[in-house]
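Take a look at the structure below.
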Amino acid sequence: MSALPGLYVHVPFCRGKCAYCDFYSEPSEALAFRWVDAVLREADLYKDLFSRFDTLYLGGGTPSLLSGEDLRRLLTGLRERFHFEASAEITLEANPDDVSPDRASLWRGLGINRLSLGVQSFDDRMLRLLGRRHNASQAVAAVETAREAGFSNLGVDLMWGLPEQTLAHWQSTLERALAFSPEHLSCYELTLERGTPFHQRALRGELSLPSEEESRRIFTTTSRFLETRGYVHYEISNFARGEPFQSRHNRKYWHHVPYLGLGPSAHSFDGRRRWWNVRSVRAYCERLEGGATPVAGEEVPGPDERRLEALLLGFRTREGVPLHLVGESHRVRRAVEAAVADGLLALARGRLRPTLEGWLIADRLPLLFD
Amino acid sequence: MTKIRNFSIIAHIDHGKSTLADRLIQAAGLVDEREFRDQILDTMDLERERGITIKSNTVTLPYVRPNGEEYALNLIDTPGHVDFSYEVSRALASCEGVLLLVDASQGVEAQTLANLYVAMEHDLTIIPVINKIDLPSADVERVKEEIENELALDSEQAVLCSAKEGIGIEDVLEAIVERIPEPRGSVNAPLAALIFDAHYDSFRGAIIACRVFDGAIKAGDRIRFMSNGAVHKVEEVGVFQLRREPRKELKAGEVGYIIAGIKTVSDVSIGDTITLDENPASKPLPGFREVKPVVFSSIYPVSSDDYPSLAAALEKYKLNDAALVYQKDSSAALGQGFRCGFLGLLHLEIVQERLEREFDQSIIMTVPSVQYRFTLDTGETVTVENPQYYPDPVHIKSTEEPFIRASILCPERYMGAVMKLCTERRGENPRFNVPTPGRVEIIFDMPLAEVIYDFYDRLKTVTQGYGSFDYEITDYRQSDLVKVDFLVNGEKVDALSIIVHRDRARSWAVQVCDRLKEEIPRHQFKIAIQGAIGGKIIARSTISAFRKDVTAKCYGGDITRKRKLLEKQKKGKKRMKMVGSVSIPQSAFVAVLKTDKE
């Protein structure tokens with residue numbers, strides 16, 4: 001895997017707030033012009049620390065909301081400041097209702113070579129429940145339009161574990177997505193984030209969510225089903241039609257490869273230090289316009305912290321964690337043997353890889369070895 | 001010259017002892033209205049919360065009679081619970097008289113009697129005080145009758161007051177001065193001072209509360225503790241007036257404190273006699289004894305690293321609570337700890353709470369036990385109060401357990417409920433007295449083991465708070481005892497073992513298995529909890545494995561957050577006890593001790 005750092009840009013604009021989402025966004029893109037300037041100013045601050053990238057990821061928020069002009073200024077500005085490898089993976093997260101033939105070809109023209117489409121579901125009722133702007137036919141149209149525009153690396157984001165969703169319903173969602181043979185599939189279980197309308201409704205008992213057993217079954221069925229259809233389950237929620245189509249950018253997060261995050265609430269890691277920006281767009285812009293840094297906090301994880309991060313990240317990936325990182329002590333060895341015997345991990349070629357059972361309790365795996 | 005009176009107040013819980021003490025303090029002008037807090041003497045949080053006096057405090061009240069005579073009235077407060085009878089006896093030994101406080105509507109209670117007997121043993125002047133006369137339910141005439149009939153005291157001598165309303169306080173003070181004899185003793189005789197209380201001050205060492213019977217003591221004197229011969233140099237003497245007021249000396253008849261830079265707190269025992277090293281008294285004051293614990297439990301630090309700090313805390317604590325005895329203990333499940341002996345269950349609870357609150361210790365206590373006797377096939381008799389040392393049942397010829405004479409006083413209408421409770425607790429041979437119409441004293445022979453656990457709580461419940469309970473240990477009787485062990489995934493948790501009557505074994509085991517099931521968090525594997533007698537399983541419960549714990553997304557910004565969450569979980573896990581591969585939280589050990597909610 002490439003050890004070159006990745007660049008992330010947080011596009012903090014959304015037309016509306018989805019009922020389950022706790023990412024930072026602003027309801028208005030009126031600030032976009034100002035925001036582009038601020039991002040480029042921020043990029044200036046890191047010209048010495050970072051020079052070359054082989055991935056660029058425009059995430060959000062809703063990056064597909066950006067006007068052609070703003071996007072052009074942003075990408076041109078970034079290219080003036082940093083060198084991107086010729087083969088760089090350049091991803092844009094897009095909402096299906098923003099994908100028009102014009103825009104798609106504009107994106108292609110700007111060098112974007114990977115689209116991540118926030119489809120979530122092909123069921124209008126579910127989409128409404130989630131508070132998404134698009135409907136099922138827009139989702140279908142978006143995928144088709146992207147293909148016609150020449151996107152040969154297409155990711156489709158889906159959500160499972162939705163209220164009242166059965167396994168059969170979810171399988172039909174997967175089938176609809178597979179009809180387009182996307183190179184990449186993200187299958188996220190609905191997570192109740194504190195403070196979101198969904199969380200509140202769930203607390204009031206208004207949502208009929210799947211039981212632990214049901215969601216276990218959905219998870220394992222999804223994995224087995226997609227593997228038979230030629231997808232590699234390479235991270236808990238991510239599937240790729242072969243190695244080249246794994247999200248190169250996201251893999252950097254999971255393998256402790258440095259990344260620079262620009263934009264409000266973005267996080268960065270230079271291989272030693274982590275830092276993060278203020279959340280508010282206005283504060284972010286004001287600070288940079290005033291010549292100040294938008295950094296809100298930072299930390300330098302110590303060796304124990306690094307190890308814990310490596311475990312928590314590594315156990316989320318198919319590659320797992322090298323055994324020496326887990327530990328060599330007698331106690332740890334015994335814990336490893338127990339985890340292998342319990343079918344949570346598999347030991348092969350000096351690496352501890354999570355099984356599906358292990359992935360189901362991934363948040364606990366790092367704690368087994370302390 | 002100032003004259004002295006030494007007195008104490010004895011009363012049933014809730015009869016208003018603390019309120020009266022507060023009024024006397026206020027009348028003496030030691031606090032002004034603004035400073036006045038209710039229950040000044042009950043300084044521990046615990047005492048205020050429970051409304052009972054656990055540790056005695058002492059205060060010297062300046063009092064000027066209407067005729068201008070000046071007095072120093074030493075109020076020696078006594079603990080208000082049957083568990084502390086030894087401390088009560090040492091406090092009373094320091095007095096010449098007592099105020100016997102009786103609630104004008106409740107009348108004479110079992111505990112009033114018990115305390116009165118102690119006062120009589122010490123040959124003290126007894127002044128009956130009828131309190132709460134302002135209450136609409138007050139029945140002064142009936143209470144006077146009870147004082148005549150049950151206490152055999154002259155009810156015409158009773159002082160009437162309402163401590164709460166401040167009525168009759170002057171009469172109480174005058175009665176103290178007029179009726180309680182002046183202390184005797186000679187200032188010129190060798191020093192003899194009785195230690196009736198002590199506590200630890202981290203700067204000054206032991207603060208000893210004592211009554212000087214003979215001689216005098218001042219800063220610079222070398223004092224000797226007569227029970228162990230330890231010698232210390234006095235740094236300061238003085239009297240308690242809510243705070244310590246240094247004096248030049250304390251002399252025969254006076255009550256006050258001694259500070260002698262004593263850091264080896266084990267030197268100081270309540271009931272011991274202090275004398276001068278150079279000119280010692282020929283013999284100690286009477287009544288010193290080693291206290292005998294009846295209830296035993298082990299204390300372990302939640303984190304084994306805290307063992308040294310627990311050891312230090314116990315040593316300091318012991319200074320203030322002579323009744324606590326302890327020695328080292330160890331458990332495979334809980335590591336190093338201490339086996340402790342207590343006077344009773346309340347005493348146990350107080351030790352637990354004070355160690356946690358005042359000494360900042362996080363502790364786990366094991367199920368309390370009494371002292372059992374086993375006669376082995378070799379003819380040898382062994383005494384066992386720790387289930388760890390339960391003999392091999394193959395060699396046990398007979399077993400015996402301590403019995404008590406339990407005395408319960410309650411209104412007649414609760415008789416049925418109390419009878420049922422006592423019978424459930426293996427009570428035998430019921431007897432009844434009717435001290436006054438409408439009230440009944442129920443006497444049972446009962447195993448001590450049946451009352452140490454939650455009997456008093458249950459009694460309070462079934463009598464809606466009207467029942468009072470007192471007991472004395474009478475003898476050892478034959479019994480059919482077994483040891484119940486608990487296993488978590490096949491590993492014995494020795495700290496949960498208990499010696500119990502065979503008939504009670506199963507219900508206990510079922511209850512503990514259920515409690516553990518509630519308290520032990522789910523693991524990534526199934527956990528079997530079993531209760532067993534020897535190899536025979538008598539109860540079980542199962543904790544299912546958690547099957548799913550995974551966050552859907554983890555990208556750049558989530559890494560720090562997720563790592564911090566894991567670090568927090570790791571810390572929580574460190575506070576748990578590992579038994580095999582199962583982490584058991586402290587709460588599980590505590591839950592096992594909780595009273596059954598019915």
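Every chain in the structure tokens has a letter given in the order shown (A, B, ...), and although residue numbers restart at 1 in each chain, ligands are simply numbered from 1 in the order shown.
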Each residue of chain B lying at most 12 Å from chain A should get a row with its shortest atom-to-atom pair and the distance in Å to one decimal, counting only C-alpha atoms; could you produce that, ordered by chain and increasing number, as CSV?
residue,atom,partner,partner_atom,distance
B:Arg522,CA,A:Arg364,CA,11.6
B:His523,CA,A:Arg364,CA,9.5
B:Gln524,CA,A:Ile361,CA,7.9
B:Phe525,CA,A:Asp342,CA,7.9
B:Lys526,CA,A:Asp342,CA,10.8
B:Ala545,CA,A:Ile361,CA,10.7
B:Phe546,CA,A:Ile361,CA,8.1
B:Arg547,CA,A:Ile361,CA,6.7
B:Lys548,CA,A:Ile361,CA,4.9
B:Asp549,CA,A:Ile361,CA,4.3
B:Val550,CA,A:Asp363,CA,5.0
B:Thr551,CA,A:Asp363,CA,6.9
B:Ala552,CA,A:Tyr188,CA,5.5
B:Lys553,CA,A:Ser237,CA,7.2
B:Cys554,CA,A:Leu313,CA,8.1
B:Tyr555,CA,A:Tyr253,CA,6.1
B:Gly556,CA,A:Tyr253,CA,5.6
B:Gly557,CA,A:His267,CA,5.1
B:Asp558,CA,A:His267,CA,8.7
B:Ile559,CA,A:Glu309,CA,7.1
B:Thr560,CA,A:Glu309,CA,8.1
B:Arg561,CA,A:Glu309,CA,10.3
B:Lys562,CA,A:Leu312,CA,8.1
B:Arg563,CA,A:Glu309,CA,6.0
B:Lys564,CA,A:Glu305,CA,8.9
B:Leu565,CA,A:Asp363,CA,9.8
B:Leu566,CA,A:Leu367,CA,7.4
B:Glu567,CA,A:Leu308,CA,8.4
B:Lys568,CA,A:Leu367,CA,10.7
B:Gln569,CA,A:Leu367,CA,8.1
B:Lys570,CA,A:Leu367,CA,6.7
B:Lys571,CA,A:Asp370,CA,10.5
B:Gly572,CA,A:Leu367,CA,11.1
B:Lys573,CA,A:Leu367,CA,8.9
B:Lys574,CA,A:Asp370,CA,9.4
B:Gly580,CA,A:Ala335,CA,11.3
B:Ser581,CA,A:Ala335,CA,8.8
B:Val582,CA,A:Leu368,CA,11.2
B:Ser583,CA,A:Leu368,CA,11.3
Prev. selection, N, CA and C atoms, output as a short mmCIF file (atom, residue, chain, number, x, y, z; two decimals), in the first residue's frame:
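Heads up, here's the output in again_9.cif:
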data_model
loop_
_atom_site.label_atom_id
_atom_site.label_comp_id
_atom_site.auth_asym_id
_atom_site.auth_seq_id
_atom_site.Cartn_x
_atom_site.Cartn_y
_atom_site.Cartn_z
N ARG B 522 -22.04 -8.50 30.41
CA ARG B 522 -21.90 -9.55 29.41
C ARG B 522 -20.46 -9.56 28.87
N HIS B 523 -19.96 -10.72 28.61
CA HIS B 523 -18.64 -10.87 28.01
C HIS B 523 -18.82 -11.39 26.59
N GLN B 524 -17.69 -11.61 25.90
CA GLN B 524 -17.83 -12.11 24.54
C GLN B 524 -18.04 -13.62 24.53
N PHE B 525 -18.14 -14.19 25.73
CA PHE B 525 -18.47 -15.62 25.83
C PHE B 525 -19.55 -15.78 26.89
N LYS B 526 -20.16 -16.94 26.89
CA LYS B 526 -21.23 -17.22 27.85
C LYS B 526 -20.60 -17.43 29.23
N ALA B 545 -23.58 -14.33 26.13
CA ALA B 545 -22.47 -13.56 25.57
C ALA B 545 -23.03 -12.35 24.85
N PHE B 546 -22.28 -11.23 24.87
CA PHE B 546 -22.73 -10.17 23.98
C PHE B 546 -22.30 -10.56 22.59
N ARG B 547 -23.15 -10.32 21.65
CA ARG B 547 -22.93 -10.88 20.34
C ARG B 547 -22.54 -9.81 19.35
N LYS B 548 -22.71 -8.55 19.75
CA LYS B 548 -22.48 -7.53 18.75
C LYS B 548 -22.10 -6.23 19.45
N ASP B 549 -21.00 -5.65 19.01
CA ASP B 549 -20.57 -4.37 19.55
C ASP B 549 -19.61 -3.79 18.52
N VAL B 550 -20.16 -3.08 17.58
CA VAL B 550 -19.33 -2.58 16.50
C VAL B 550 -19.90 -1.27 15.99
N THR B 551 -19.01 -0.31 15.75
CA THR B 551 -19.43 0.96 15.18
C THR B 551 -19.32 0.86 13.68
N ALA B 552 -20.35 1.37 12.98
CA ALA B 552 -20.37 1.22 11.53
C ALA B 552 -19.23 2.00 10.88
N LYS B 553 -19.00 3.23 11.35
CA LYS B 553 -18.04 4.09 10.65
C LYS B 553 -16.86 4.44 11.53
N CYS B 554 -15.70 4.49 10.90
CA CYS B 554 -14.53 5.01 11.60
C CYS B 554 -13.59 5.61 10.58
N TYR B 555 -13.59 6.94 10.50
CA TYR B 555 -12.71 7.62 9.56
C TYR B 555 -11.83 8.59 10.34
N GLY B 556 -11.16 9.47 9.59
CA GLY B 556 -10.12 10.32 10.17
C GLY B 556 -10.45 10.92 11.52
N GLY B 557 -11.62 11.55 11.60
CA GLY B 557 -11.93 12.30 12.80
C GLY B 557 -12.32 11.46 13.99
N ASP B 558 -12.64 10.18 13.73
CA ASP B 558 -13.18 9.36 14.81
C ASP B 558 -12.10 8.66 15.62
N ILE B 559 -10.86 8.72 15.13
CA ILE B 559 -9.84 7.86 15.73
C ILE B 559 -9.54 8.27 17.17
N THR B 560 -9.32 9.56 17.38
CA THR B 560 -9.03 10.03 18.73
C THR B 560 -10.20 9.71 19.67
N ARG B 561 -11.40 9.99 19.16
CA ARG B 561 -12.59 9.79 19.98
C ARG B 561 -12.75 8.32 20.37
N LYS B 562 -12.57 7.47 19.39
CA LYS B 562 -12.74 6.03 19.67
C LYS B 562 -11.66 5.52 20.61
N ARG B 563 -10.43 6.03 20.43
CA ARG B 563 -9.36 5.58 21.30
C ARG B 563 -9.64 6.01 22.74
N LYS B 564 -10.15 7.24 22.90
CA LYS B 564 -10.43 7.72 24.27
C LYS B 564 -11.52 6.88 24.92
N LEU B 565 -12.48 6.50 24.12
CA LEU B 565 -13.56 5.65 24.63
C LEU B 565 -12.99 4.31 25.12
N LEU B 566 -12.09 3.76 24.32
CA LEU B 566 -11.47 2.49 24.72
C LEU B 566 -10.65 2.65 25.99
N GLU B 567 -9.94 3.77 26.09
CA GLU B 567 -9.13 4.00 27.28
C GLU B 567 -10.01 4.06 28.52
N LYS B 568 -11.18 4.66 28.35
CA LYS B 568 -12.12 4.74 29.47
C LYS B 568 -12.61 3.34 29.86
N GLN B 569 -12.93 2.56 28.85
CA GLN B 569 -13.38 1.19 29.12
C GLN B 569 -12.28 0.39 29.80
N LYS B 570 -11.03 0.63 29.35
CA LYS B 570 -9.91 -0.08 29.94
C LYS B 570 -9.78 0.22 31.42
N LYS B 571 -9.97 1.50 31.74
CA LYS B 571 -9.89 1.91 33.15
C LYS B 571 -10.97 1.22 33.95
N GLY B 572 -12.18 1.20 33.41
CA GLY B 572 -13.30 0.54 34.09
C GLY B 572 -12.97 -0.93 34.33
N LYS B 573 -12.34 -1.53 33.35
CA LYS B 573 -12.01 -2.95 33.45
C LYS B 573 -10.98 -3.19 34.55
N LYS B 574 -10.06 -2.22 34.68
CA LYS B 574 -9.02 -2.37 35.72
C LYS B 574 -9.62 -2.40 37.11
N GLY B 580 -10.64 -16.06 36.53
CA GLY B 580 -10.42 -16.72 35.25
C GLY B 580 -10.40 -15.62 34.20
N SER B 581 -11.25 -15.73 33.19
CA SER B 581 -11.27 -14.68 32.17
C SER B 581 -12.50 -13.79 32.32
N VAL B 582 -13.17 -13.91 33.46
CA VAL B 582 -14.39 -13.11 33.68
C VAL B 582 -14.05 -11.90 34.56
N SER B 583 -14.48 -10.72 34.13
CA SER B 583 -14.28 -9.52 34.95
C SER B 583 -15.52 -9.30 35.81
#
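Excluding Gly109 of chain A itself and any same-chain residue fewer than 5 positions from it, the protein and nucleic acid residues within 10 Å of it, counting only C-alpha atoms, are A:Arg72, A:Arg103, A:Ala104.
Look at segment 483-492 of chain B: the protein and nucleic acid residues within 6 Å of it, using only C-alpha atoms and passing over chain neighbours fewer than 4 places away, are Ser497, Ile498, Ile499, Ile527, Ala528, Ile529, Gln530, Gly531, Ala532 and Ile533 of chain B.
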Print the selection's residues with C-alpha atoms to a file, as a compact mmCIF listing (two decimals), in the first residue's frame.
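Below is the file part_10.txt, written as the result:
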# COMPACT_ATOMS: atom_id res chain seq x y z
CA SER B 497 -18.20 -18.58 49.97
CA ILE B 498 -20.44 -18.78 53.00
CA ILE B 499 -21.11 -21.15 55.86
CA ILE B 527 -20.74 -17.16 31.62
CA ALA B 528 -22.06 -19.91 33.86
CA ILE B 529 -22.61 -19.02 37.52
CA GLN B 530 -23.09 -21.87 39.93
CA GLY B 531 -23.71 -22.29 43.63
CA ALA B 532 -22.39 -25.56 45.03
CA ILE B 533 -22.08 -27.56 48.21
| message | Residues within 8 Å of Ile452 of chain B, please, as a ChimeraX atom specification. Count only C-alpha atoms; anything in the same chain fewer than 2 positions from it doesn't count. | response | /B:295,344-345,368-369,448-450,454-455
| request: Pick out each residue of segment 101-151 of chain B that DSSP on the backbone tags as strand (DSSP E); I need them as an MDAnalysis selection string. | output: chainID B and resid 101:103 125:131
Just asking: which residues within segment 386-549 of chain B are alpha helix (DSSP H) according to DSSP, as a PDB file with N, CA and C atoms, in the first residue's frame?
ATOM      1  N   MET B 415     -47.337  -8.232  66.480  1.00  0.00           N
ATOM      2  CA  MET B 415     -46.861  -9.482  67.056  1.00  0.00           C
ATOM      3  C   MET B 415     -46.798 -10.599  66.024  1.00  0.00           C
ATOM      4  N   GLY B 416     -47.868 -10.732  65.236  1.00  0.00           N
ATOM      5  CA  GLY B 416     -47.925 -11.803  64.234  1.00  0.00           C
ATOM      6  C   GLY B 416     -46.776 -11.708  63.246  1.00  0.00           C
ATOM      7  N   ALA B 417     -46.554 -10.508  62.754  1.00  0.00           N
ATOM      8  CA  ALA B 417     -45.514 -10.298  61.745  1.00  0.00           C
ATOM      9  C   ALA B 417     -44.133 -10.610  62.319  1.00  0.00           C
ATOM     10  N   VAL B 418     -43.912 -10.189  63.578  1.00  0.00           N
ATOM     11  CA  VAL B 418     -42.609 -10.419  64.203  1.00  0.00           C
ATOM     12  C   VAL B 418     -42.405 -11.916  64.458  1.00  0.00           C
ATOM     13  N   MET B 419     -43.478 -12.583  64.903  1.00  0.00           N
ATOM     14  CA  MET B 419     -43.393 -14.033  65.145  1.00  0.00           C
ATOM     15  C   MET B 419     -42.996 -14.760  63.863  1.00  0.00           C
ATOM     16  N   LYS B 420     -43.634 -14.332  62.760  1.00  0.00           N
ATOM     17  CA  LYS B 420     -43.375 -14.977  61.471  1.00  0.00           C
ATOM     18  C   LYS B 420     -41.910 -14.758  61.074  1.00  0.00           C
ATOM     19  N   LEU B 421     -41.463 -13.540  61.216  1.00  0.00           N
ATOM     20  CA  LEU B 421     -40.076 -13.214  60.848  1.00  0.00           C
ATOM     21  C   LEU B 421     -39.091 -14.048  61.668  1.00  0.00           C
ATOM     22  N   CYS B 422     -39.337 -14.121  62.979  1.00  0.00           N
ATOM     23  CA  CYS B 422     -38.402 -14.835  63.848  1.00  0.00           C
ATOM     24  C   CYS B 422     -38.408 -16.335  63.552  1.00  0.00           C
ATOM     25  N   THR B 423     -39.578 -16.866  63.242  1.00  0.00           N
ATOM     26  CA  THR B 423     -39.655 -18.292  62.939  1.00  0.00           C
ATOM     27  C   THR B 423     -38.921 -18.594  61.641  1.00  0.00           C
ATOM     28  N   GLU B 424     -39.091 -17.701  60.650  1.00  0.00           N
ATOM     29  CA  GLU B 424     -38.348 -17.857  59.385  1.00  0.00           C
ATOM     30  C   GLU B 424     -36.847 -17.872  59.627  1.00  0.00           C
ATOM     31  N   LEU B 448     -27.344 -16.485  65.945  1.00  0.00           N
ATOM     32  CA  LEU B 448     -26.786 -15.151  65.676  1.00  0.00           C
ATOM     33  C   LEU B 448     -26.652 -14.924  64.167  1.00  0.00           C
ATOM     34  N   ALA B 449     -26.292 -15.995  63.450  1.00  0.00           N
ATOM     35  CA  ALA B 449     -26.087 -15.871  62.006  1.00  0.00           C
ATOM     36  C   ALA B 449     -27.330 -15.340  61.301  1.00  0.00           C
ATOM     37  N   GLU B 450     -28.488 -15.577  61.872  1.00  0.00           N
ATOM     38  CA  GLU B 450     -29.721 -15.167  61.216  1.00  0.00           C
ATOM     39  C   GLU B 450     -30.021 -13.681  61.418  1.00  0.00           C
ATOM     40  N   VAL B 451     -29.401 -13.078  62.399  1.00  0.00           N
ATOM     41  CA  VAL B 451     -29.684 -11.648  62.612  1.00  0.00           C
ATOM     42  C   VAL B 451     -28.584 -10.736  62.079  1.00  0.00           C
ATOM     43  N   PHE B 455     -31.588  -8.846  59.402  1.00  0.00           N
ATOM     44  CA  PHE B 455     -32.720  -9.021  60.292  1.00  0.00           C
ATOM     45  C   PHE B 455     -33.308  -7.687  60.755  1.00  0.00           C
ATOM     46  N   TYR B 456     -32.417  -6.780  61.134  1.00  0.00           N
ATOM     47  CA  TYR B 456     -32.894  -5.526  61.706  1.00  0.00           C
ATOM     48  C   TYR B 456     -33.673  -4.715  60.670  1.00  0.00           C
ATOM     49  N   ASP B 457     -33.190  -4.710  59.430  1.00  0.00           N
ATOM     50  CA  ASP B 457     -33.920  -4.030  58.351  1.00  0.00           C
ATOM     51  C   ASP B 457     -35.300  -4.633  58.165  1.00  0.00           C
ATOM     52  N   ARG B 458     -35.342  -5.960  58.182  1.00  0.00           N
ATOM     53  CA  ARG B 458     -36.619  -6.652  57.989  1.00  0.00           C
ATOM     54  C   ARG B 458     -37.566  -6.350  59.152  1.00  0.00           C
ATOM     55  N   LEU B 459     -37.016  -6.332  60.356  1.00  0.00           N
ATOM     56  CA  LEU B 459     -37.846  -6.041  61.526  1.00  0.00           C
ATOM     57  C   LEU B 459     -38.457  -4.653  61.412  1.00  0.00           C
ATOM     58  N   LYS B 460     -37.620  -3.706  61.008  1.00  0.00           N
ATOM     59  CA  LYS B 460     -38.107  -2.331  60.835  1.00  0.00           C
ATOM     60  C   LYS B 460     -39.251  -2.318  59.823  1.00  0.00           C
ATOM     61  N   THR B 461     -39.097  -3.091  58.765  1.00  0.00           N
ATOM     62  CA  THR B 461     -40.126  -3.115  57.733  1.00  0.00           C
ATOM     63  C   THR B 461     -41.420  -3.715  58.269  1.00  0.00           C
ATOM     64  N   VAL B 462     -41.323  -4.884  58.896  1.00  0.00           N
ATOM     65  CA  VAL B 462     -42.577  -5.547  59.293  1.00  0.00           C
ATOM     66  C   VAL B 462     -43.270  -4.828  60.452  1.00  0.00           C
ATOM     67  N   ARG B 502     -28.041 -25.776  56.515  1.00  0.00           N
ATOM     68  CA  ARG B 502     -28.391 -26.565  55.326  1.00  0.00           C
ATOM     69  C   ARG B 502     -29.735 -26.147  54.728  1.00  0.00           C
ATOM     70  N   ASP B 503     -30.704 -25.835  55.590  1.00  0.00           N
ATOM     71  CA  ASP B 503     -32.047 -25.486  55.096  1.00  0.00           C
ATOM     72  C   ASP B 503     -32.054 -24.159  54.325  1.00  0.00           C
ATOM     73  N   ARG B 504     -31.054 -23.330  54.595  1.00  0.00           N
ATOM     74  CA  ARG B 504     -31.035 -22.007  53.974  1.00  0.00           C
ATOM     75  C   ARG B 504     -30.101 -21.971  52.770  1.00  0.00           C
ATOM     76  N   ALA B 505     -29.366 -23.059  52.547  1.00  0.00           N
ATOM     77  CA  ALA B 505     -28.309 -23.051  51.539  1.00  0.00           C
ATOM     78  C   ALA B 505     -28.854 -22.770  50.142  1.00  0.00           C
ATOM     79  N   ARG B 506     -29.926 -23.471  49.772  1.00  0.00           N
ATOM     80  CA  ARG B 506     -30.387 -23.337  48.405  1.00  0.00           C
ATOM     81  C   ARG B 506     -30.920 -21.934  48.115  1.00  0.00           C
ATOM     82  N   SER B 507     -31.746 -21.407  49.035  1.00  0.00           N
ATOM     83  CA  SER B 507     -32.318 -20.085  48.744  1.00  0.00           C
ATOM     84  C   SER B 507     -31.217 -19.026  48.683  1.00  0.00           C
ATOM     85  N   TRP B 508     -30.217 -19.175  49.533  1.00  0.00           N
ATOM     86  CA  TRP B 508     -29.086 -18.239  49.480  1.00  0.00           C
ATOM     87  C   TRP B 508     -28.371 -18.349  48.129  1.00  0.00           C
ATOM     88  N   ALA B 509     -28.116 -19.598  47.727  1.00  0.00           N
ATOM     89  CA  ALA B 509     -27.369 -19.824  46.487  1.00  0.00           C
ATOM     90  C   ALA B 509     -28.121 -19.260  45.286  1.00  0.00           C
ATOM     91  N   VAL B 510     -29.429 -19.464  45.278  1.00  0.00           N
ATOM     92  CA  VAL B 510     -30.240 -18.977  44.159  1.00  0.00           C
ATOM     93  C   VAL B 510     -30.172 -17.449  44.110  1.00  0.00           C
ATOM     94  N   GLN B 511     -30.296 -16.851  45.281  1.00  0.00           N
ATOM     95  CA  GLN B 511     -30.278 -15.390  45.345  1.00  0.00           C
ATOM     96  C   GLN B 511     -28.938 -14.827  44.862  1.00  0.00           C
ATOM     97  N   VAL B 512     -27.850 -15.440  45.306  1.00  0.00           N
ATOM     98  CA  VAL B 512     -26.528 -14.939  44.904  1.00  0.00           C
ATOM     99  C   VAL B 512     -26.322 -15.121  43.396  1.00  0.00           C
ATOM    100  N   CYS B 513     -26.726 -16.286  42.872  1.00  0.00           N
ATOM    101  CA  CYS B 513     -26.576 -16.518  41.424  1.00  0.00           C
ATOM    102  C   CYS B 513     -27.341 -15.459  40.632  1.00  0.00           C
ATOM    103  N   ASP B 514     -28.539 -15.125  41.099  1.00  0.00           N
ATOM    104  CA  ASP B 514     -29.345 -14.118  40.395  1.00  0.00           C
ATOM    105  C   ASP B 514     -28.694 -12.738  40.471  1.00  0.00           C
ATOM    106  N   ARG B 515     -28.198 -12.415  41.661  1.00  0.00           N
ATOM    107  CA  ARG B 515     -27.560 -11.104  41.826  1.00  0.00           C
ATOM    108  C   ARG B 515     -26.345 -10.972  40.922  1.00  0.00           C
ATOM    109  N   LEU B 516     -25.547 -12.030  40.891  1.00  0.00           N
ATOM    110  CA  LEU B 516     -24.328 -11.982  40.069  1.00  0.00           C
ATOM    111  C   LEU B 516     -24.698 -11.844  38.599  1.00  0.00           C
ATOM    112  N   LYS B 517     -25.762 -12.508  38.225  1.00  0.00           N
ATOM    113  CA  LYS B 517     -26.200 -12.423  36.834  1.00  0.00           C
ATOM    114  C   LYS B 517     -26.568 -10.970  36.479  1.00  0.00           C
ATOM    115  N   GLU B 518     -27.165 -10.279  37.431  1.00  0.00           N
ATOM    116  CA  GLU B 518     -27.542  -8.878  37.177  1.00  0.00           C
ATOM    117  C   GLU B 518     -26.320  -7.963  37.104  1.00  0.00           C
ATOM    118  N   GLU B 519     -25.299  -8.286  37.889  1.00  0.00           N
ATOM    119  CA  GLU B 519     -24.201  -7.333  38.060  1.00  0.00           C
ATOM    120  C   GLU B 519     -23.006  -7.569  37.147  1.00  0.00           C
TER     121      GLU B 519
END
| field | Close residues, Glu96 of chain B itself excluded, 10 Å, only C-alpha atoms, min 4 positions apart in chain, as a PyMOL selection string | value | chain B and resi 5-8+92+119+122-126+179-184+253
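Closest approach to Leu185 of chain A from the set A:Leu92, A:Ala341, A:Ala146, A:Leu117 is made by A:Leu117, with distances taken over only C-alpha atoms.
With only C-alpha atoms taken into account, the protein and nucleic acid residues at most 7 Å from Ala94 of chain A (excluding it and anything under 2 positions from it in its own chain) are Thr62, Pro63, Ser64, Leu92, Pro96, Asp98, Leu115, Ser116, Leu117 and Gly118 of chain A.
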Would you export the selected residues with C-alpha atoms as a CSV table (one decimal), in the first residue's frame, please?
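Writing done, so here's selection31.csv:
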chain,number,residue,atom,x,y,z
A,62,THR,CA,-22.6,17.5,0.5
A,63,PRO,CA,-19.7,18.2,-1.9
A,64,SER,CA,-21.9,17.7,-4.9
A,92,LEU,CA,-16.3,13.3,-4.6
A,96,PRO,CA,-28.1,11.4,-6.1
A,98,ASP,CA,-27.2,16.5,-7.6
A,115,LEU,CA,-17.8,9.1,-7.2
A,116,SER,CA,-19.2,8.0,-3.9
A,117,LEU,CA,-23.0,8.1,-4.2
A,118,GLY,CA,-25.1,8.5,-1.1
